[in-house]
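So this block is target25.txt, compact mmCIF, N, CA and C atoms:
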```
# COMPACT_ATOMS: atom_id res chain seq x y z
N ILE A 1 -33.55 -42.41 179.30
CA ILE A 1 -34.38 -41.39 179.91
C ILE A 1 -34.89 -40.43 178.83
N GLY A 2 -34.01 -40.05 177.92
CA GLY A 2 -34.39 -39.13 176.86
C GLY A 2 -35.44 -39.73 175.94
N ALA A 3 -35.26 -41.01 175.60
CA ALA A 3 -36.24 -41.67 174.73
C ALA A 3 -37.58 -41.80 175.43
N GLN A 4 -37.53 -42.07 176.73
CA GLN A 4 -38.78 -42.19 177.50
C GLN A 4 -39.52 -40.85 177.53
N GLY A 5 -38.80 -39.76 177.65
CA GLY A 5 -39.42 -38.43 177.65
C GLY A 5 -40.09 -38.13 176.33
N ILE A 6 -39.42 -38.50 175.23
CA ILE A 6 -40.01 -38.29 173.90
C ILE A 6 -41.29 -39.10 173.77
N GLN A 7 -41.26 -40.34 174.20
CA GLN A 7 -42.45 -41.19 174.13
C GLN A 7 -43.59 -40.62 174.98
N ASP A 8 -43.25 -40.15 176.15
CA ASP A 8 -44.27 -39.56 177.03
C ASP A 8 -44.92 -38.34 176.38
N ARG A 9 -44.10 -37.48 175.76
CA ARG A 9 -44.64 -36.30 175.11
C ARG A 9 -45.53 -36.68 173.93
N LEU A 10 -45.11 -37.65 173.15
CA LEU A 10 -45.93 -38.09 172.02
C LEU A 10 -47.26 -38.68 172.50
N LEU A 11 -47.20 -39.45 173.57
CA LEU A 11 -48.41 -40.04 174.13
C LEU A 11 -49.36 -38.96 174.65
N THR A 12 -48.80 -37.97 175.31
CA THR A 12 -49.61 -36.86 175.83
C THR A 12 -50.24 -36.08 174.67
N LYS A 13 -49.46 -35.86 173.63
CA LYS A 13 -49.95 -35.15 172.47
C LYS A 13 -51.10 -35.91 171.81
N THR A 14 -50.93 -37.22 171.68
CA THR A 14 -51.96 -38.06 171.07
C THR A 14 -53.23 -38.07 171.91
N ARG A 15 -53.06 -38.20 173.23
CA ARG A 15 -54.22 -38.18 174.12
C ARG A 15 -54.97 -36.86 174.02
N GLY A 16 -54.25 -35.77 173.98
CA GLY A 16 -54.87 -34.44 173.86
C GLY A 16 -55.65 -34.30 172.57
N ARG A 17 -55.08 -34.78 171.48
CA ARG A 17 -55.75 -34.71 170.18
C ARG A 17 -57.05 -35.53 170.22
N GLU A 18 -56.97 -36.75 170.76
CA GLU A 18 -58.15 -37.60 170.84
C GLU A 18 -59.22 -36.99 171.75
N GLU A 19 -58.78 -36.39 172.83
CA GLU A 19 -59.73 -35.76 173.75
C GLU A 19 -60.44 -34.59 173.09
N ARG A 20 -59.68 -33.77 172.34
CA ARG A 20 -60.30 -32.64 171.64
C ARG A 20 -61.29 -33.12 170.59
N LEU A 21 -60.95 -34.17 169.87
CA LEU A 21 -61.88 -34.72 168.87
C LEU A 21 -63.14 -35.25 169.55
N GLY A 22 -62.97 -35.89 170.68
CA GLY A 22 -64.12 -36.40 171.42
C GLY A 22 -65.03 -35.28 171.89
N LYS A 23 -64.44 -34.20 172.38
CA LYS A 23 -65.24 -33.06 172.83
C LYS A 23 -65.95 -32.41 171.65
N ARG A 24 -65.29 -32.35 170.51
CA ARG A 24 -65.90 -31.77 169.32
C ARG A 24 -67.12 -32.59 168.90
N GLU A 25 -66.96 -33.91 168.88
CA GLU A 25 -68.07 -34.78 168.51
C GLU A 25 -69.22 -34.64 169.50
N GLN A 26 -68.89 -34.54 170.78
CA GLN A 26 -69.93 -34.39 171.81
C GLN A 26 -70.67 -33.07 171.60
N GLY A 27 -69.95 -32.02 171.26
CA GLY A 27 -70.58 -30.73 170.99
C GLY A 27 -71.52 -30.80 169.81
N LEU A 28 -71.11 -31.49 168.75
CA LEU A 28 -71.97 -31.64 167.59
C LEU A 28 -73.24 -32.40 167.95
N GLN A 29 -73.09 -33.46 168.73
CA GLN A 29 -74.26 -34.25 169.15
C GLN A 29 -75.20 -33.40 170.02
N ASP A 30 -74.63 -32.61 170.92
CA ASP A 30 -75.44 -31.75 171.78
C ASP A 30 -76.24 -30.74 170.96
N ARG A 31 -75.59 -30.14 169.97
CA ARG A 31 -76.29 -29.16 169.14
C ARG A 31 -77.41 -29.82 168.35
N MET A 32 -77.16 -31.01 167.82
CA MET A 32 -78.20 -31.71 167.06
C MET A 32 -79.39 -32.05 167.97
N LEU A 33 -79.10 -32.48 169.18
CA LEU A 33 -80.15 -32.81 170.13
C LEU A 33 -80.97 -31.58 170.49
N THR A 34 -80.30 -30.46 170.69
CA THR A 34 -80.99 -29.22 171.02
C THR A 34 -81.89 -28.79 169.87
N GLN A 35 -81.41 -28.91 168.65
CA GLN A 35 -82.23 -28.56 167.49
C GLN A 35 -83.45 -29.46 167.40
N GLU A 36 -83.27 -30.73 167.65
CA GLU A 36 -84.38 -31.68 167.58
C GLU A 36 -85.42 -31.39 168.65
N ARG A 37 -84.96 -31.07 169.86
CA ARG A 37 -85.89 -30.74 170.94
C ARG A 37 -86.71 -29.50 170.58
N GLY A 38 -86.06 -28.49 170.03
CA GLY A 38 -86.76 -27.27 169.64
C GLY A 38 -87.80 -27.54 168.57
N SER A 39 -87.45 -28.37 167.62
CA SER A 39 -88.38 -28.72 166.55
C SER A 39 -89.59 -29.45 167.11
N GLU A 40 -89.36 -30.40 168.00
CA GLU A 40 -90.47 -31.16 168.61
C GLU A 40 -91.35 -30.24 169.46
N GLU A 41 -90.73 -29.32 170.17
CA GLU A 41 -91.51 -28.40 171.01
C GLU A 41 -92.40 -27.51 170.15
N ARG A 42 -91.87 -27.03 169.03
CA ARG A 42 -92.68 -26.20 168.14
C ARG A 42 -93.84 -26.99 167.56
N LYS A 43 -93.61 -28.25 167.21
CA LYS A 43 -94.69 -29.09 166.69
C LYS A 43 -95.77 -29.29 167.74
N THR A 44 -95.36 -29.50 168.98
CA THR A 44 -96.31 -29.69 170.07
C THR A 44 -97.14 -28.43 170.29
N GLN A 45 -96.48 -27.28 170.30
CA GLN A 45 -97.20 -26.02 170.47
C GLN A 45 -98.17 -25.78 169.33
N ARG A 46 -97.75 -26.08 168.11
CA ARG A 46 -98.61 -25.90 166.94
C ARG A 46 -99.85 -26.78 167.05
N ASP A 47 -99.66 -28.03 167.41
CA ASP A 47 -100.79 -28.95 167.53
C ASP A 47 -101.74 -28.52 168.64
N ARG A 48 -101.20 -28.07 169.76
CA ARG A 48 -102.03 -27.61 170.88
C ARG A 48 -102.85 -26.39 170.45
N TYR A 49 -102.23 -25.47 169.73
CA TYR A 49 -102.93 -24.27 169.26
C TYR A 49 -104.07 -24.66 168.32
N ARG A 50 -103.80 -25.58 167.42
CA ARG A 50 -104.85 -26.02 166.49
C ARG A 50 -106.01 -26.68 167.21
N GLU A 51 -105.71 -27.49 168.21
CA GLU A 51 -106.77 -28.13 168.99
C GLU A 51 -107.61 -27.09 169.72
N ASP A 52 -106.95 -26.10 170.31
CA ASP A 52 -107.68 -25.04 171.02
C ASP A 52 -108.60 -24.28 170.07
N ARG A 53 -108.10 -23.97 168.90
CA ARG A 53 -108.92 -23.25 167.92
C ARG A 53 -110.12 -24.09 167.51
N ALA A 54 -109.91 -25.38 167.30
CA ALA A 54 -111.01 -26.25 166.91
C ALA A 54 -112.06 -26.33 168.02
N MET A 55 -111.61 -26.40 169.27
CA MET A 55 -112.57 -26.46 170.38
C MET A 55 -113.36 -25.16 170.49
N ARG A 56 -112.70 -24.02 170.30
CA ARG A 56 -113.42 -22.74 170.34
C ARG A 56 -114.44 -22.65 169.21
N ALA A 57 -114.06 -23.12 168.04
CA ALA A 57 -115.00 -23.09 166.91
C ALA A 57 -116.19 -23.99 167.19
N ASP A 58 -115.94 -25.15 167.77
CA ASP A 58 -117.05 -26.05 168.12
C ASP A 58 -117.97 -25.40 169.14
N ALA A 59 -117.38 -24.73 170.12
CA ALA A 59 -118.18 -24.07 171.15
C ALA A 59 -119.02 -22.95 170.54
N ARG A 60 -118.44 -22.17 169.65
CA ARG A 60 -119.19 -21.10 169.00
C ARG A 60 -120.36 -21.66 168.20
N GLY A 61 -120.10 -22.77 167.50
CA GLY A 61 -121.18 -23.39 166.72
C GLY A 61 -122.28 -23.90 167.62
N ALA A 62 -121.94 -24.46 168.78
CA ALA A 62 -122.95 -24.97 169.71
C ALA A 62 -123.79 -23.82 170.26
N ILE A 63 -123.14 -22.70 170.55
CA ILE A 63 -123.88 -21.54 171.07
C ILE A 63 -124.83 -21.01 170.00
N ARG A 64 -124.38 -20.93 168.77
CA ARG A 64 -125.24 -20.43 167.69
C ARG A 64 -126.46 -21.32 167.51
N ARG A 65 -126.22 -22.63 167.54
CA ARG A 65 -127.32 -23.56 167.31
C ARG A 65 -128.34 -23.55 168.45
N SER A 66 -127.86 -23.42 169.66
CA SER A 66 -128.78 -23.49 170.79
C SER A 66 -129.47 -22.15 171.05
N GLY A 67 -128.87 -21.08 170.58
CA GLY A 67 -129.49 -19.76 170.65
C GLY A 67 -129.87 -19.33 172.05
N SER A 68 -131.13 -18.98 172.22
CA SER A 68 -131.58 -18.42 173.48
C SER A 68 -131.55 -19.44 174.61
N ARG A 69 -131.62 -20.71 174.31
CA ARG A 69 -131.54 -21.75 175.37
C ARG A 69 -130.21 -21.66 176.10
N PHE A 70 -129.14 -21.33 175.38
CA PHE A 70 -127.82 -21.24 176.00
C PHE A 70 -127.74 -20.07 176.96
N PHE A 71 -128.33 -18.94 176.57
CA PHE A 71 -128.22 -17.73 177.38
C PHE A 71 -129.29 -17.66 178.46
N GLY A 72 -130.25 -18.56 178.45
CA GLY A 72 -131.25 -18.63 179.52
C GLY A 72 -132.44 -17.89 179.13
```
Entire entry expressed as structure tokens:
Amino acid sequence: IGAQGIQDRLLTKTRGREERLGKREQGLQDRMLTQERGSEERKTQRDRYREDRAMRADARGAIRRSGSRFFG
């Protein structure tokens, strides 16, 4: 009975250690994924902003070229 108790405690200790390591690894993976998502979101916002600026510049150029025809 005593030997069985020692074995049970060692097994529980080992399981706990492995579980903590698993949670640590999962936390690291979650943080890396969050960082990657943020980076991709910033790239998307940057590209959208650049496209909007280019479209506004094109529109301004079209208005300048057409002059009074645009304004009626």
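The coordinates place atom CA of Gln35 of chain A at 25.9 Å from atom CA of Asp52 of chain A.
Computed from the coordinates, the atom C of Arg46 of chain A to atom CA of Thr34 of chain A distance equals 19.4 Å.
Going from atom CA of Leu28 of chain A over to atom CA of Arg9 of chain A, you cover 28.7 Å.
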